[in-house]
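Have a look at entry36.txt; it's compact mmCIF, N, CA and C atoms:
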```txt
# COMPACT_ATOMS: atom_id res chain seq x y z
N PRO A 98 19.61 -9.73 -2.32
CA PRO A 98 20.25 -8.79 -1.41
C PRO A 98 20.21 -7.38 -1.99
N PHE A 99 20.10 -6.41 -1.13
CA PHE A 99 20.04 -5.02 -1.52
C PHE A 99 21.45 -4.47 -1.56
N TRP A 100 21.84 -3.86 -2.69
CA TRP A 100 23.17 -3.31 -2.84
C TRP A 100 23.05 -1.89 -3.32
N LEU A 101 23.79 -1.00 -2.70
CA LEU A 101 23.78 0.41 -3.06
C LEU A 101 25.21 0.79 -3.40
N PRO A 102 25.47 1.34 -4.60
CA PRO A 102 26.84 1.72 -4.94
C PRO A 102 27.37 2.79 -3.99
N PRO A 103 28.69 2.80 -3.74
CA PRO A 103 29.25 3.74 -2.76
C PRO A 103 28.98 5.20 -3.09
N GLU A 104 28.85 5.54 -4.38
CA GLU A 104 28.63 6.94 -4.75
C GLU A 104 27.18 7.36 -4.58
N ALA A 105 26.28 6.42 -4.33
CA ALA A 105 24.87 6.74 -4.14
C ALA A 105 24.63 7.31 -2.75
N SER A 106 23.60 8.12 -2.64
CA SER A 106 23.25 8.65 -1.33
C SER A 106 21.76 8.42 -1.10
N LEU A 107 21.41 8.24 0.15
CA LEU A 107 20.01 8.06 0.50
C LEU A 107 19.36 9.42 0.67
N VAL A 108 18.14 9.54 0.21
CA VAL A 108 17.41 10.80 0.27
C VAL A 108 16.19 10.60 1.16
N THR A 109 15.96 11.53 2.05
CA THR A 109 14.77 11.49 2.88
C THR A 109 13.66 12.24 2.17
N LEU A 110 12.54 11.55 1.94
CA LEU A 110 11.43 12.15 1.23
C LEU A 110 10.43 12.74 2.22
N PRO A 111 9.70 13.78 1.82
CA PRO A 111 8.68 14.33 2.71
C PRO A 111 7.56 13.31 2.89
N PRO A 112 6.78 13.45 3.96
CA PRO A 112 5.69 12.50 4.19
C PRO A 112 4.68 12.53 3.05
N VAL A 113 4.11 11.38 2.76
CA VAL A 113 3.12 11.27 1.71
C VAL A 113 1.75 11.58 2.29
N GLN A 114 0.98 12.36 1.56
CA GLN A 114 -0.38 12.66 1.99
C GLN A 114 -1.24 11.43 1.74
N ARG A 115 -1.98 11.00 2.72
CA ARG A 115 -2.83 9.82 2.61
C ARG A 115 -4.24 10.25 2.28
N CYS A 116 -4.78 9.67 1.23
CA CYS A 116 -6.16 9.94 0.85
C CYS A 116 -7.04 8.90 1.53
N THR A 117 -8.05 9.36 2.25
CA THR A 117 -8.91 8.42 2.97
C THR A 117 -10.24 8.20 2.27
N SER A 118 -10.41 8.79 1.13
CA SER A 118 -11.66 8.62 0.39
C SER A 118 -11.78 7.19 -0.13
N ALA A 119 -12.95 6.59 0.02
CA ALA A 119 -13.16 5.22 -0.45
C ALA A 119 -13.01 5.13 -1.96
N SER A 120 -13.30 6.22 -2.66
CA SER A 120 -13.20 6.18 -4.12
C SER A 120 -11.75 6.23 -4.59
N ALA A 121 -10.81 6.51 -3.71
CA ALA A 121 -9.41 6.60 -4.10
C ALA A 121 -8.75 5.23 -4.25
N ARG A 122 -9.34 4.18 -3.67
CA ARG A 122 -8.77 2.84 -3.79
C ARG A 122 -9.04 2.31 -5.19
N PRO A 123 -8.04 1.64 -5.79
CA PRO A 123 -8.25 1.12 -7.15
C PRO A 123 -9.33 0.04 -7.16
N VAL A 124 -10.05 0.00 -8.25
CA VAL A 124 -11.07 -1.02 -8.42
C VAL A 124 -10.45 -2.18 -9.17
N ARG A 125 -10.53 -3.37 -8.62
CA ARG A 125 -9.98 -4.56 -9.26
C ARG A 125 -11.09 -5.21 -10.09
N ARG A 126 -10.76 -5.51 -11.32
CA ARG A 126 -11.70 -6.18 -12.19
C ARG A 126 -11.13 -7.54 -12.54
N GLY A 127 -12.00 -8.47 -12.88
CA GLY A 127 -11.53 -9.79 -13.26
C GLY A 127 -12.45 -10.85 -12.71
N SER A 128 -11.93 -12.07 -12.64
CA SER A 128 -12.76 -13.20 -12.24
C SER A 128 -13.01 -13.26 -10.75
N ARG A 129 -12.24 -12.56 -9.95
CA ARG A 129 -12.42 -12.61 -8.49
C ARG A 129 -13.67 -11.84 -8.10
N SER A 130 -14.49 -12.43 -7.25
CA SER A 130 -15.69 -11.75 -6.79
C SER A 130 -15.32 -10.71 -5.74
N MET A 131 -16.21 -9.80 -5.53
CA MET A 131 -15.97 -8.78 -4.52
C MET A 131 -15.87 -9.43 -3.15
N PRO A 132 -14.94 -8.95 -2.29
CA PRO A 132 -14.79 -9.55 -0.98
C PRO A 132 -16.04 -9.37 -0.13
N LYS A 133 -16.41 -10.40 0.59
CA LYS A 133 -17.53 -10.32 1.51
C LYS A 133 -17.07 -9.68 2.80
N GLU A 134 -18.01 -9.14 3.56
CA GLU A 134 -17.65 -8.46 4.80
C GLU A 134 -16.93 -9.39 5.77
N GLU A 135 -17.28 -10.69 5.77
CA GLU A 135 -16.66 -11.59 6.72
C GLU A 135 -15.26 -12.05 6.30
N GLU A 136 -14.87 -11.75 5.05
CA GLU A 136 -13.54 -12.15 4.60
C GLU A 136 -12.48 -11.29 5.28
N ILE A 137 -11.34 -11.88 5.48
CA ILE A 137 -10.25 -11.19 6.15
C ILE A 137 -9.54 -10.27 5.17
N THR A 138 -9.45 -8.99 5.52
CA THR A 138 -8.75 -8.01 4.67
C THR A 138 -7.63 -7.33 5.43
N SER A 139 -7.31 -7.82 6.63
CA SER A 139 -6.20 -7.30 7.42
C SER A 139 -5.23 -8.44 7.69
N PHE A 140 -3.99 -8.27 7.25
CA PHE A 140 -3.00 -9.34 7.40
C PHE A 140 -2.75 -9.67 8.87
N SER A 141 -2.93 -8.71 9.75
CA SER A 141 -2.70 -8.98 11.18
C SER A 141 -3.63 -10.08 11.69
N ARG A 142 -4.80 -10.24 11.06
CA ARG A 142 -5.73 -11.30 11.47
C ARG A 142 -5.30 -12.67 10.95
N LEU A 143 -4.35 -12.70 10.02
CA LEU A 143 -3.84 -13.97 9.49
C LEU A 143 -2.54 -14.42 10.14
N LYS A 144 -1.89 -13.55 10.88
CA LYS A 144 -0.53 -13.83 11.38
C LYS A 144 -0.44 -15.13 12.16
N GLU A 145 -1.38 -15.40 13.03
CA GLU A 145 -1.32 -16.61 13.85
C GLU A 145 -1.37 -17.86 12.96
N GLU A 146 -2.27 -17.86 11.99
CA GLU A 146 -2.38 -19.00 11.07
C GLU A 146 -1.13 -19.14 10.21
N VAL A 147 -0.57 -18.02 9.75
CA VAL A 147 0.66 -18.06 8.96
C VAL A 147 1.78 -18.67 9.79
N ASN A 148 1.90 -18.26 11.05
CA ASN A 148 2.94 -18.82 11.92
C ASN A 148 2.77 -20.32 12.14
N LEU A 149 1.54 -20.82 12.08
CA LEU A 149 1.31 -22.26 12.21
C LEU A 149 1.63 -23.00 10.92
N GLN A 150 1.43 -22.37 9.78
CA GLN A 150 1.64 -23.03 8.50
C GLN A 150 3.10 -23.00 8.03
N LEU A 151 3.85 -21.97 8.39
CA LEU A 151 5.23 -21.85 7.92
C LEU A 151 6.10 -23.06 8.27
N PRO A 152 6.11 -23.54 9.53
CA PRO A 152 6.96 -24.70 9.82
C PRO A 152 6.55 -25.94 9.02
N GLN A 153 5.27 -26.09 8.75
CA GLN A 153 4.82 -27.24 7.96
C GLN A 153 5.34 -27.15 6.52
N CYS A 154 5.31 -25.96 5.95
CA CYS A 154 5.84 -25.77 4.59
C CYS A 154 7.34 -26.04 4.54
N ILE A 155 8.05 -25.55 5.52
CA ILE A 155 9.51 -25.75 5.57
C ILE A 155 9.83 -27.23 5.78
N GLU A 156 9.10 -27.88 6.67
CA GLU A 156 9.32 -29.31 6.95
C GLU A 156 9.13 -30.16 5.70
N ARG A 157 8.17 -29.80 4.84
CA ARG A 157 7.94 -30.58 3.62
C ARG A 157 9.18 -30.58 2.73
N VAL A 158 9.97 -29.51 2.80
CA VAL A 158 11.15 -29.40 1.95
C VAL A 158 12.41 -29.85 2.69
N LEU A 159 12.60 -29.38 3.92
CA LEU A 159 13.86 -29.63 4.64
C LEU A 159 13.75 -30.70 5.73
N GLY A 160 12.57 -31.22 5.97
CA GLY A 160 12.36 -32.14 7.09
C GLY A 160 13.27 -33.35 7.10
N LYS A 161 13.60 -33.89 5.93
CA LYS A 161 14.44 -35.09 5.86
C LYS A 161 15.88 -34.78 5.49
N VAL A 162 16.21 -33.50 5.40
CA VAL A 162 17.58 -33.10 5.06
C VAL A 162 18.40 -33.11 6.35
N SER A 163 19.46 -33.92 6.36
CA SER A 163 20.27 -34.02 7.58
C SER A 163 21.61 -33.31 7.45
N ASP A 164 22.03 -32.99 6.23
CA ASP A 164 23.31 -32.31 6.01
C ASP A 164 23.12 -31.14 5.06
N TYR A 165 23.91 -30.10 5.27
CA TYR A 165 23.88 -28.93 4.41
C TYR A 165 24.66 -29.24 3.13
N HIS A 166 24.03 -29.00 1.98
CA HIS A 166 24.68 -29.19 0.68
C HIS A 166 24.51 -27.91 -0.12
N PRO A 167 25.57 -27.13 -0.29
CA PRO A 167 25.45 -25.83 -0.97
C PRO A 167 24.80 -25.92 -2.34
N LYS A 168 25.05 -27.00 -3.07
CA LYS A 168 24.48 -27.11 -4.42
C LYS A 168 22.95 -27.28 -4.40
N ASP A 169 22.38 -27.66 -3.26
CA ASP A 169 20.94 -27.86 -3.16
C ASP A 169 20.17 -26.65 -2.63
N VAL A 170 20.89 -25.63 -2.16
CA VAL A 170 20.24 -24.50 -1.50
C VAL A 170 19.28 -23.75 -2.42
N ASP A 171 19.66 -23.53 -3.68
CA ASP A 171 18.76 -22.83 -4.61
C ASP A 171 17.44 -23.59 -4.77
N GLU A 172 17.53 -24.89 -4.93
CA GLU A 172 16.32 -25.71 -5.08
C GLU A 172 15.48 -25.68 -3.80
N TRP A 173 16.13 -25.80 -2.65
CA TRP A 173 15.40 -25.75 -1.38
C TRP A 173 14.69 -24.42 -1.22
N SER A 174 15.39 -23.32 -1.48
CA SER A 174 14.80 -21.98 -1.33
C SER A 174 13.60 -21.81 -2.24
N GLU A 175 13.75 -22.21 -3.49
CA GLU A 175 12.65 -22.09 -4.45
C GLU A 175 11.46 -22.94 -4.02
N SER A 176 11.71 -24.15 -3.58
CA SER A 176 10.63 -25.05 -3.15
C SER A 176 9.90 -24.51 -1.93
N ILE A 177 10.65 -23.99 -0.96
CA ILE A 177 10.02 -23.41 0.24
C ILE A 177 9.17 -22.22 -0.16
N GLY A 178 9.70 -21.33 -1.00
CA GLY A 178 8.94 -20.16 -1.44
C GLY A 178 7.64 -20.55 -2.12
N GLN A 179 7.69 -21.55 -3.00
CA GLN A 179 6.49 -22.00 -3.71
C GLN A 179 5.50 -22.66 -2.77
N GLU A 180 5.99 -23.47 -1.82
CA GLU A 180 5.11 -24.11 -0.83
C GLU A 180 4.38 -23.05 0.00
N VAL A 181 5.12 -22.05 0.44
CA VAL A 181 4.53 -21.00 1.28
C VAL A 181 3.51 -20.20 0.47
N LEU A 182 3.86 -19.79 -0.75
CA LEU A 182 2.93 -19.03 -1.58
C LEU A 182 1.64 -19.81 -1.84
N LYS A 183 1.77 -21.09 -2.13
CA LYS A 183 0.60 -21.94 -2.37
C LYS A 183 -0.30 -21.96 -1.14
N LYS A 184 0.29 -22.15 0.03
CA LYS A 184 -0.48 -22.21 1.27
C LYS A 184 -1.14 -20.86 1.57
N LEU A 185 -0.42 -19.77 1.37
CA LEU A 185 -0.97 -18.44 1.62
C LEU A 185 -2.18 -18.17 0.73
N GLN A 186 -2.10 -18.54 -0.54
CA GLN A 186 -3.21 -18.32 -1.45
C GLN A 186 -4.42 -19.17 -1.07
N GLU A 187 -4.16 -20.39 -0.56
CA GLU A 187 -5.25 -21.23 -0.08
C GLU A 187 -5.92 -20.61 1.14
N MET A 188 -5.12 -19.99 2.01
CA MET A 188 -5.64 -19.39 3.23
C MET A 188 -6.50 -18.17 2.92
N ASN A 189 -5.98 -17.28 2.06
CA ASN A 189 -6.68 -16.03 1.80
C ASN A 189 -6.12 -15.38 0.53
N GLY A 190 -6.99 -15.12 -0.41
CA GLY A 190 -6.57 -14.51 -1.67
C GLY A 190 -6.72 -13.00 -1.70
N ASN A 191 -6.95 -12.37 -0.55
CA ASN A 191 -7.15 -10.92 -0.51
C ASN A 191 -5.85 -10.13 -0.40
N PHE A 192 -4.71 -10.78 -0.62
CA PHE A 192 -3.43 -10.10 -0.45
C PHE A 192 -2.49 -10.46 -1.60
N LYS A 193 -1.56 -9.56 -1.86
CA LYS A 193 -0.39 -9.89 -2.66
C LYS A 193 0.62 -10.37 -1.63
N TYR A 194 1.37 -11.40 -1.96
CA TYR A 194 2.32 -11.95 -1.00
C TYR A 194 3.75 -11.87 -1.54
N ILE A 195 4.66 -11.61 -0.64
CA ILE A 195 6.10 -11.65 -0.92
C ILE A 195 6.70 -12.62 0.07
N VAL A 196 7.47 -13.59 -0.42
CA VAL A 196 8.09 -14.59 0.45
C VAL A 196 9.59 -14.56 0.20
N SER A 197 10.34 -14.47 1.27
CA SER A 197 11.80 -14.50 1.21
C SER A 197 12.29 -15.66 2.09
N ALA A 198 13.12 -16.53 1.51
CA ALA A 198 13.67 -17.65 2.27
C ALA A 198 15.18 -17.54 2.30
N THR A 199 15.76 -17.59 3.49
CA THR A 199 17.21 -17.57 3.69
C THR A 199 17.61 -18.90 4.30
N ILE A 200 18.55 -19.57 3.67
CA ILE A 200 19.03 -20.86 4.18
C ILE A 200 20.53 -20.77 4.33
N MET A 201 21.01 -21.18 5.51
CA MET A 201 22.46 -21.17 5.74
C MET A 201 22.86 -22.39 6.56
N GLU A 202 24.12 -22.73 6.43
CA GLU A 202 24.65 -23.85 7.20
C GLU A 202 24.76 -23.43 8.65
N LYS A 203 24.41 -24.34 9.54
CA LYS A 203 24.46 -24.06 10.97
C LYS A 203 25.89 -24.30 11.45
N LYS A 204 26.63 -23.21 11.58
CA LYS A 204 28.04 -23.28 12.00
C LYS A 204 28.31 -22.37 13.19
N GLY A 205 27.28 -21.77 13.74
CA GLY A 205 27.48 -20.89 14.88
C GLY A 205 27.71 -19.44 14.51
N ALA A 206 27.69 -19.12 13.21
CA ALA A 206 27.88 -17.74 12.78
C ALA A 206 26.60 -16.96 13.00
N GLY A 207 26.73 -15.67 13.20
CA GLY A 207 25.55 -14.83 13.37
C GLY A 207 24.95 -14.42 12.05
N LEU A 208 23.68 -14.12 12.07
CA LEU A 208 22.98 -13.61 10.90
C LEU A 208 22.01 -12.55 11.37
N HIS A 209 22.12 -11.37 10.82
CA HIS A 209 21.22 -10.27 11.17
C HIS A 209 20.51 -9.83 9.90
N THR A 210 19.21 -9.70 9.98
CA THR A 210 18.44 -9.21 8.84
C THR A 210 17.56 -8.06 9.31
N SER A 211 17.18 -7.25 8.37
CA SER A 211 16.24 -6.18 8.69
C SER A 211 15.51 -5.81 7.42
N SER A 212 14.36 -5.21 7.58
CA SER A 212 13.60 -4.74 6.42
C SER A 212 12.90 -3.45 6.81
N ALA A 213 12.64 -2.65 5.82
CA ALA A 213 11.90 -1.41 6.04
C ALA A 213 10.72 -1.43 5.08
N VAL A 214 9.58 -0.96 5.53
CA VAL A 214 8.39 -0.99 4.70
C VAL A 214 7.66 0.35 4.78
N PHE A 215 6.92 0.63 3.75
CA PHE A 215 6.03 1.78 3.72
C PHE A 215 4.72 1.25 3.17
N TRP A 216 3.75 1.06 4.06
CA TRP A 216 2.52 0.42 3.65
C TRP A 216 1.35 0.89 4.49
N GLU A 217 0.21 0.34 4.19
CA GLU A 217 -1.01 0.64 4.93
C GLU A 217 -1.05 -0.29 6.14
N ALA A 218 -0.81 0.24 7.31
CA ALA A 218 -0.69 -0.56 8.53
C ALA A 218 -1.99 -1.31 8.88
N GLU A 219 -3.12 -0.81 8.44
CA GLU A 219 -4.39 -1.46 8.76
C GLU A 219 -4.61 -2.75 7.97
N THR A 220 -4.02 -2.85 6.79
CA THR A 220 -4.27 -4.03 5.94
C THR A 220 -3.02 -4.88 5.72
N ASP A 221 -1.85 -4.29 5.73
CA ASP A 221 -0.62 -4.99 5.37
C ASP A 221 0.12 -5.47 6.62
N GLY A 222 1.00 -6.43 6.44
CA GLY A 222 1.76 -6.92 7.57
C GLY A 222 2.84 -7.91 7.16
N ALA A 223 3.59 -8.38 8.14
CA ALA A 223 4.69 -9.31 7.87
C ALA A 223 4.83 -10.31 9.01
N VAL A 224 5.39 -11.47 8.67
CA VAL A 224 5.69 -12.51 9.63
C VAL A 224 7.08 -13.03 9.30
N SER A 225 7.87 -13.27 10.32
CA SER A 225 9.19 -13.86 10.15
C SER A 225 9.25 -15.12 11.00
N TYR A 226 9.77 -16.20 10.42
CA TYR A 226 9.82 -17.49 11.13
C TYR A 226 11.19 -18.11 10.97
N ARG A 227 11.76 -18.57 12.08
CA ARG A 227 13.07 -19.23 12.07
C ARG A 227 12.87 -20.72 12.33
N TRP A 228 13.44 -21.55 11.44
CA TRP A 228 13.38 -23.01 11.56
C TRP A 228 14.82 -23.51 11.51
N GLU A 229 15.11 -24.55 12.29
CA GLU A 229 16.46 -25.11 12.22
C GLU A 229 16.47 -26.58 12.59
N ASN A 230 17.50 -27.26 12.11
CA ASN A 230 17.80 -28.62 12.54
C ASN A 230 19.28 -28.65 12.89
N LYS A 231 19.89 -29.82 12.98
CA LYS A 231 21.29 -29.87 13.41
C LYS A 231 22.27 -29.31 12.38
N ALA A 232 21.84 -29.19 11.12
CA ALA A 232 22.75 -28.76 10.07
C ALA A 232 22.37 -27.44 9.39
N ILE A 233 21.11 -27.05 9.48
CA ILE A 233 20.60 -25.94 8.66
C ILE A 233 19.79 -24.96 9.50
N VAL A 234 19.91 -23.69 9.14
CA VAL A 234 19.03 -22.64 9.68
C VAL A 234 18.29 -22.05 8.49
N CYS A 235 16.98 -21.95 8.62
CA CYS A 235 16.15 -21.40 7.56
C CYS A 235 15.28 -20.29 8.15
N ILE A 236 15.31 -19.13 7.55
CA ILE A 236 14.47 -18.01 7.98
C ILE A 236 13.57 -17.64 6.81
N VAL A 237 12.27 -17.66 7.07
CA VAL A 237 11.29 -17.31 6.03
C VAL A 237 10.57 -16.04 6.48
N GLN A 238 10.53 -15.07 5.59
CA GLN A 238 9.83 -13.82 5.84
C GLN A 238 8.67 -13.73 4.84
N VAL A 239 7.49 -13.44 5.36
CA VAL A 239 6.29 -13.31 4.54
C VAL A 239 5.74 -11.90 4.71
N TYR A 240 5.44 -11.27 3.60
CA TYR A 240 4.81 -9.94 3.59
C TYR A 240 3.46 -10.09 2.91
N GLY A 241 2.41 -9.60 3.55
CA GLY A 241 1.07 -9.59 2.97
C GLY A 241 0.64 -8.17 2.70
N ILE A 242 0.34 -7.87 1.46
CA ILE A 242 -0.04 -6.52 1.05
C ILE A 242 -1.49 -6.57 0.59
N GLY A 243 -2.36 -5.84 1.25
CA GLY A 243 -3.78 -5.84 0.92
C GLY A 243 -4.07 -5.37 -0.48
N LEU A 244 -5.04 -6.00 -1.12
CA LEU A 244 -5.40 -5.62 -2.49
C LEU A 244 -6.29 -4.39 -2.52
```

Could the structure of this file be written out as structure tokens, please?
Amino acid sequence: PFWLPPEASLVTLPPVQRCTSASARPVRRGSRSMPKEEEITSFSRLKEEVNLQLPQCIERVLGKVSDYHPKDVDEWSESIGQEVLKKLQEMNGNFKYIVSATIMEKKGAGLHTSSAVFWEAETDGAVSYRWENKAIVCIVQVYGIGL
């Protein structure tokens, strides 16, 4: 969770100048080969597949859970995050991924979340997925940041 002390203030920064030169992008070195033209480098092209895979990842962890147990939530969250990251890397390794899993007992209470991002809209993106059963609500947020 994001916490800001009461004495802190938010500052509005001036717009950042965007460099469009191809030479301005960092060069990645290592064992990964250079991306081929047919490889996906825009997260928006992966969103549909991510939305299909998220419920399967969540089901592997929570599918047989019929009751909410607070002591198990940390383990469930960690397992879901790892399942999702593993699947995302199998799908496409051209992104850095951030996965956030929120699990709460289904008691009729409201939950509101929001996020703010500053990224390259052509390559980066996010998906949010809500899963629930009779006892649990799980919300998984995935952010894909182009390399």

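Computed from the coordinates, the atom N of Leu244 of chain A to atom N of Lys183 of chain A distance equals 16.6 Å.
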
What's around Ala218 of chain A at 12 Å? Count only C-alpha atoms, leave out sequence neighbours fewer than 3 positions away in its own chain, and write the answer as a PyMOL selection string. chain A and resi 138-141+214-215+221-223+240-243

Just N, CA and C atoms for this one: save the residues we selected as a compact mmCIF listing (two decimals), in the frame of the given file.
```
# COMPACT_ATOMS: atom_id res chain seq x y z
N THR A 138 -9.45 -8.99 5.52
CA THR A 138 -8.75 -8.01 4.67
C THR A 138 -7.63 -7.33 5.43
N SER A 139 -7.31 -7.82 6.63
CA SER A 139 -6.20 -7.30 7.42
C SER A 139 -5.23 -8.44 7.69
N PHE A 140 -3.99 -8.27 7.25
CA PHE A 140 -3.00 -9.34 7.40
C PHE A 140 -2.75 -9.67 8.87
N SER A 141 -2.93 -8.71 9.75
CA SER A 141 -2.70 -8.98 11.18
C SER A 141 -3.63 -10.08 11.69
N VAL A 214 9.58 -0.96 5.53
CA VAL A 214 8.39 -0.99 4.70
C VAL A 214 7.66 0.35 4.78
N PHE A 215 6.92 0.63 3.75
CA PHE A 215 6.03 1.78 3.72
C PHE A 215 4.72 1.25 3.17
N ASP A 221 -1.85 -4.29 5.73
CA ASP A 221 -0.62 -4.99 5.37
C ASP A 221 0.12 -5.47 6.62
N GLY A 222 1.00 -6.43 6.44
CA GLY A 222 1.76 -6.92 7.57
C GLY A 222 2.84 -7.91 7.16
N ALA A 223 3.59 -8.38 8.14
CA ALA A 223 4.69 -9.31 7.87
C ALA A 223 4.83 -10.31 9.01
N TYR A 240 5.44 -11.27 3.60
CA TYR A 240 4.81 -9.94 3.59
C TYR A 240 3.46 -10.09 2.91
N GLY A 241 2.41 -9.60 3.55
CA GLY A 241 1.07 -9.59 2.97
C GLY A 241 0.64 -8.17 2.70
N ILE A 242 0.34 -7.87 1.46
CA ILE A 242 -0.04 -6.52 1.05
C ILE A 242 -1.49 -6.57 0.59
N GLY A 243 -2.36 -5.84 1.25
CA GLY A 243 -3.78 -5.84 0.92
C GLY A 243 -4.07 -5.37 -0.48
```

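What separates atom CA of Asn230 of chain A from atom CA of Ile195 of chain A is a distance of 24.6 Å.
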
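Taking atom C of Ala198 of chain A and atom CA of Ile137 of chain A as endpoints, the distance between them is 26.5 Å.
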
Mind checking which residues fall within 7 Å of segment 155-166 of chain A, counting only N, CA and C atoms, ignoring those fewer than 2 positions away in the same chain, and posting them as a PyMOL selection string? chain A and resi 150-153+168-170+173+176-177+181+201-203+231-233

Helix (DSSP H, G or I) call set, DSSP backbone run, segment 123-228 of chain A, as number ranges by chain: A: 140-142, 144-159, 167-188

Per-residue DSSP, segment 124-229 of chain A, filtered to strand (DSSP E), as a PyMOL selection string: chain A and resi 192-202+222-229

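For the residues A:Asn191, A:Ser174, A:Thr199, A:Thr220, ranking by smallest atom-to-atom distance to Val234 of chain A using all atoms listed in the file places A:Thr199 first.
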